[in-house]
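I have placed the structure first, in the form of structure tokens, so that the comments after it can refer back to it.
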Amino acid sequence: MSGRTHVGACPERTCLGCRQRAAKTELLRIVAIKDACVPDPRGTLPGRGAYLHPAPVCLDQAVRRRAFTRALRAPGALDTKALRQYVEQTTVAEQATP
């Protein structure tokens, strides 16, 4: 035996903001469409994807370090307005849920 366990194994990804590894289901997939970062909560949009905790803190860190451009291999700067709006809406919805 190799010592690896196959029970409960789930794929892990690294958050672009905080650089911590987490289960793929805990992170939000992001893709570049034209010149914008677009959230892909279902994980079905085509193209190269990057992952981020759906928290404003991680989003701010990723924007400050210009991580989206590198991770998505974009030729220029990417607009993050749609992504920021989605993250803010999900955090408000989580806080409102008891």
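The way I read the labels, and the way they are meant: chains A, B, ... in the order of the structure tokens, residue 1 as the first residue of every chain, and ligand 1 as the first ligand shown, with later ones counted on from there.
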*Got a sec to tell me which of region 3-88 of chain A DSSP assigns to helix (DSSP H, G or I), as a list in words?*
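Residues of region 3-88 of chain A classed as helix (DSSP H, G or I): Lys24, Thr25, Glu26, Pro56, Val57, Cys58, Leu59, Asp60, Gln61, Ala62, Val63, Arg64, Ala67, Phe68, Thr69, Arg70, Ala71, Lys81, Ala82, Leu83, Arg84, Gln85, Tyr86, Val87 and Glu88 of chain A.
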Next, write the just-selected residues to a file, as an mmCIF file, in the first residue's frame, keeping C-alpha atoms as the atom set.
```cif
data_model
loop_
_atom_site.group_PDB
_atom_site.id
_atom_site.type_symbol
_atom_site.label_atom_id
_atom_site.label_comp_id
_atom_site.auth_asym_id
_atom_site.auth_seq_id
_atom_site.Cartn_x
_atom_site.Cartn_y
_atom_site.Cartn_z
ATOM 1 C CA LYS A 24 -12.704 23.106 -4.771
ATOM 2 C CA THR A 25 -16.297 23.365 -3.527
ATOM 3 C CA GLU A 26 -15.363 26.140 -1.063
ATOM 4 C CA PRO A 56 -13.897 40.657 -0.148
ATOM 5 C CA VAL A 57 -10.572 40.278 1.703
ATOM 6 C CA CYS A 58 -9.274 37.649 -0.724
ATOM 7 C CA LEU A 59 -10.567 39.614 -3.708
ATOM 8 C CA ASP A 60 -8.751 42.755 -2.553
ATOM 9 C CA GLN A 61 -5.494 40.850 -2.064
ATOM 10 C CA ALA A 62 -5.722 39.272 -5.523
ATOM 11 C CA VAL A 63 -6.437 42.640 -7.186
ATOM 12 C CA ARG A 64 -3.571 44.323 -5.346
ATOM 13 C CA ALA A 67 -3.022 37.811 -9.649
ATOM 14 C CA PHE A 68 -5.917 37.558 -12.125
ATOM 15 C CA THR A 69 -3.843 38.675 -15.096
ATOM 16 C CA ARG A 70 -1.157 36.087 -14.359
ATOM 17 C CA ALA A 71 -3.433 33.205 -13.410
ATOM 18 C CA LYS A 81 -16.423 45.019 -11.330
ATOM 19 C CA ALA A 82 -18.706 42.051 -12.043
ATOM 20 C CA LEU A 83 -16.632 39.821 -9.776
ATOM 21 C CA ARG A 84 -16.655 42.362 -6.929
ATOM 22 C CA GLN A 85 -20.432 42.766 -7.239
ATOM 23 C CA TYR A 86 -20.944 38.978 -7.087
ATOM 24 C CA VAL A 87 -18.670 38.578 -4.041
ATOM 25 C CA GLU A 88 -20.385 41.408 -2.177
#
```
_Filtered DSSP result for region 42-90 of chain A, state strand (DSSP E or B), as a list in words_ =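 In region 42-90 of chain A, DSSP puts these residues in strand (DSSP E or B): Gly49, Ala50, Tyr51, Leu52 and Asp79 of chain A.
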Keeping N, CA and C atoms for every residue in the selection just given, could you write it to a file as a PDB file, in the first residue's frame?
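The result, stored in out-v3.pdb:
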```pdb
ATOM      1  N   GLY A  49      -9.480  28.702 -15.884  1.00  0.00           N
ATOM      2  CA  GLY A  49     -10.106  29.163 -14.666  1.00  0.00           C
ATOM      3  C   GLY A  49      -9.094  29.398 -13.554  1.00  0.00           C
ATOM      4  N   ALA A  50      -9.478  30.239 -12.618  1.00  0.00           N
ATOM      5  CA  ALA A  50      -8.706  30.491 -11.409  1.00  0.00           C
ATOM      6  C   ALA A  50      -9.699  30.454 -10.252  1.00  0.00           C
ATOM      7  N   TYR A  51      -9.189  30.274  -9.045  1.00  0.00           N
ATOM      8  CA  TYR A  51     -10.072  30.092  -7.898  1.00  0.00           C
ATOM      9  C   TYR A  51      -9.796  31.124  -6.821  1.00  0.00           C
ATOM     10  N   LEU A  52     -10.873  31.483  -6.101  1.00  0.00           N
ATOM     11  CA  LEU A  52     -10.809  32.535  -5.100  1.00  0.00           C
ATOM     12  C   LEU A  52     -11.851  32.252  -4.030  1.00  0.00           C
ATOM     13  N   ASP A  79     -10.968  43.781 -15.907  1.00  0.00           N
ATOM     14  CA  ASP A  79     -11.965  44.513 -15.121  1.00  0.00           C
ATOM     15  C   ASP A  79     -12.577  43.555 -14.099  1.00  0.00           C
TER      16      ASP A  79
END
```
_Would you compute the distance between CA of Glu12 (chain A) and CA of Ala96 (chain A)? Give it in Å to one decimal._
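Calculated distance between CA of Glu12 (chain A) and CA of Ala96 (chain A) is 28.2 Å.
Interatomic distance, CA of Ala23 (chain A) against CA of Gly76 (chain A): 29.3 Å.
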_With distances taken over only C-alpha atoms, which residue among A:Ala55, A:Leu45, A:Ala93, A:Ala74 lies nearest Ile30 (chain A)?_
A:Leu45
*Take CA of Ala77 (chain A) and CA of Thr44 (chain A) and report the distance between them in Å, one decimal.*
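Spanning CA of Ala77 (chain A) to CA of Thr44 (chain A) is a straight-line distance of 23.4 Å.
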